[in-house]
Amino acid sequence: MSNRLFRLCDKLLAIAHKDFLTGLRYRSAFFMTGLGVVAELAAFYFLSRAIGPAFRPQGMGYFPFLLVGAGFYAFLMMGINSFLTSMQESQQSGTLEVLMTSRTSPAILILLSAASAFSRNALRLLLYLAAGLMVLSSVHLRYENLLAAALAFILSIVIAVAIGIIAAAIQLGTHKGSAVMWLFGSVAWLMSGTMFPVTVLPRPLLWIAKLIPITHCLDALRFSLLSGTLQGVGREIAILAAFSVVLLPAGLLIFSYMLKRARLEGTLSFY
Amino acid sequence: MGGIIFESVSKRFRHRPVLFNWIGKERAGETRALDNVSFSAASGRVMVLLGPNGSGKTTTLKLISTLLLPDSGRVLLAGSDTRTDSSRARRDVGFAVANERSFFPRLSARENLDFFAALEDVPRDQRPKRIRWALGMVGLHPDSDTLVMKFSSGMYQRLGIARALLKDPKILLLDEPTRSLDPASAMQFWKLVRGLAQQDSTVLLATHNFSEAVSVGDSVVILREGKVAARKDLHYESAEHLRSFYFQVTGEPEEKMFLAAGA
């Protein structure tokens, strides 16, 4: 058991090392992303100033509302997209077929690749939140709900992993994963309450918003990090747990089915 | 040990539009890639799949590596069915794929092999030695710290072979392994393949190059349009006789065949 765990950690390190080296050797992209984060934060700051302090969605200041919402939305969506892009890149470069014949099972491989992507994105998220909270605003995080925030964060990652696995499966099955993800990302951006509270949406759209797991991820994180009370957090965490229990096994099943189908049809490396 | 049994295997590829491509005008119907193909390969021997383009060589290798699953028939590796126990195939089979550029371009040859070695469960402390050995076997040791984006086609091909050797496979699948190699490197590679077979590995090599087949193989399975046209033991056949036989069964123009043989 410990030997198996050791091998798993070794593989995770190898994937993270490969991703780190690749990222390092594309230096310009790394710096561009950093500049993009700074520009986005500045835009949110001035937007919240233009709207004024009277607008307090869910009882919070608008800048921290935007900061947490957009920061975690980007974190989760980048994580979800990493499944799709790693699948597309390995199809295009031809590494997918090699990886699929390695001793590491496809499901483990995709989960480890995602873990590496999430750690990378987590660093970006931390920088984003730290810069936003310390440099641009006098907002303080509420540490009394840190446990609830950690739980909401972990469940959000589980949900993002599940959606990411489904995205990779869609890419395997339809070769149009990016189009499907673009649609999902746009709908989630509009209706998950990233920029404004979902309560302003018309009733039918509000129902759709409630069916998008990201909406509950953002609500749970905002309530636990910014509101200072546990009111509403418990309910959101329960919803996130329910989504996790359904989506993760469903994602793995769909991926396994699509992989088997691709092996039968000979379309594994099609894109 | 690591023998292969390919039992009445058929494989078809359907030409149909992928989902969301309703207005596509792709070719309808299907291609029969393999039709009731049977053969077996014993450990300690080099078997060559010889045939012109489109004869089903790569499909055969992909079926053994579990990249494809058969529509009917069975592929057995040391007694295990690839359909029900694909993890066994992943454990025992090393596949040097024909796609030359299946590497991470911004990593060096050594870094690429280190990544793949980790996924192949090569212990961390043994990896540097194994990588040095594999790179040395294909003559890439002096280029081990070069980013692979700077590699030529032949270097990519040799690196692919080094990658397949990393896991010390019981069954080694080689798809057109000397396609981009110069004659000297090809001859050196054939020696390496013979050496691996002597260490009790099963080597299955797919090629359309007749010279390669007779230089390296113990036996040959000639494929034509997805069917086995003949099985020959190269220790009991003269090269000249086999050459005329190959020309006869594949129906390839003789000039073209001689050009391929001389490549």
# chains A, B, ... in the order shown; residues from 1 in each chain; ligands from 1
>>> interface_residues(of="chain A", to="chain B", cutoff="6 Å", atoms="only C-alpha atoms", output="list in words")
Lys11, Ala14, Thr22, Ser93, Gly94, Thr95, Thr101, Ser102, Arg103, Thr104, Thr174, Arg263, Leu264 and Gly266 of chain A
>>> write_last_selection(atoms="C-alpha atoms", output="PDB file, in the first residue's frame")
ATOM      1  CA  LYS A  11       4.425  10.056 -10.765  1.00  0.00           C
ATOM      2  CA  ALA A  14       7.276  13.723 -12.498  1.00  0.00           C
ATOM      3  CA  THR A  22       7.552  23.467 -19.840  1.00  0.00           C
ATOM      4  CA  SER A  93       1.482  16.056 -30.292  1.00  0.00           C
ATOM      5  CA  GLY A  94       0.957  12.304 -30.479  1.00  0.00           C
ATOM      6  CA  THR A  95       1.852  11.681 -26.832  1.00  0.00           C
ATOM      7  CA  THR A 101       0.245   2.272 -23.371  1.00  0.00           C
ATOM      8  CA  SER A 102       2.240   3.152 -20.251  1.00  0.00           C
ATOM      9  CA  ARG A 103       1.961   1.186 -17.006  1.00  0.00           C
ATOM     10  CA  THR A 104      -0.034   4.066 -15.471  1.00  0.00           C
ATOM     11  CA  THR A 174     -16.669  14.190 -30.094  1.00  0.00           C
ATOM     12  CA  ARG A 263     -10.262   2.131 -28.645  1.00  0.00           C
ATOM     13  CA  LEU A 264     -12.948   0.218 -30.485  1.00  0.00           C
ATOM     14  CA  GLY A 266      -9.693   3.665 -33.529  1.00  0.00           C
TER      15      GLY A 266
END
>>> residues_around(residues="B:Leu192", least_positions_apart="3", cutoff="12 Å", atoms="only C-alpha atoms", output="count of residues only")
24
>>> closest_residue(among="A:Ala262, A:Leu247, A:Leu147, A:Ala167", to="A:Ala220", atoms="only C-alpha atoms")
A:Leu147
>>> select_by_dssp(residues="stretch 33-133 of chain B", states="strand (DSSP E or B)", output="JSON, numbers by chain")
{"B": [33, 34, 35, 36, 37, 38, 39, 40, 41, 46, 47, 48, 49, 50, 72, 73, 74, 75, 76, 77, 80, 81, 93, 94, 95, 96, 108]}
>>> write_last_selection(atoms="C-alpha atoms", output="CSV table (one decimal), in the first residue's frame")
chain,number,residue,atom,x,y,z
B,33,ALA,CA,-8.3,-3.2,-41.7
B,34,LEU,CA,-7.8,-6.8,-40.6
B,35,ASP,CA,-9.8,-9.8,-41.7
B,36,ASN,CA,-9.5,-13.0,-39.6
B,37,VAL,CA,-5.8,-12.7,-39.0
B,38,SER,CA,-4.0,-15.3,-36.9
B,39,PHE,CA,-0.4,-15.8,-36.0
B,40,SER,CA,1.7,-16.4,-32.9
B,41,ALA,CA,5.1,-15.0,-31.9
B,46,VAL,CA,12.0,-11.4,-34.0
B,47,MET,CA,8.8,-11.6,-36.0
B,48,VAL,CA,8.4,-9.2,-38.9
B,49,LEU,CA,5.1,-8.0,-40.2
B,50,LEU,CA,5.8,-7.2,-43.8
B,72,SER,CA,-13.8,-10.2,-33.2
B,73,GLY,CA,-11.2,-12.7,-32.3
B,74,ARG,CA,-8.7,-12.5,-29.4
B,75,VAL,CA,-5.2,-11.1,-28.7
B,76,LEU,CA,-3.4,-13.0,-26.0
B,77,LEU,CA,-0.2,-11.8,-24.3
B,80,SER,CA,-4.0,-12.8,-20.9
B,81,ASP,CA,-6.7,-11.4,-23.2
B,93,VAL,CA,4.5,-4.2,-24.0
B,94,GLY,CA,6.9,-1.5,-25.1
B,95,PHE,CA,5.6,0.3,-28.3
B,96,ALA,CA,7.9,2.5,-30.4
B,108,SER,CA,15.5,17.6,-23.3
>>> atom_distance(atom1="atom CA of B:Ile64", atom2="atom CA of A:Met100")
12.7 Å
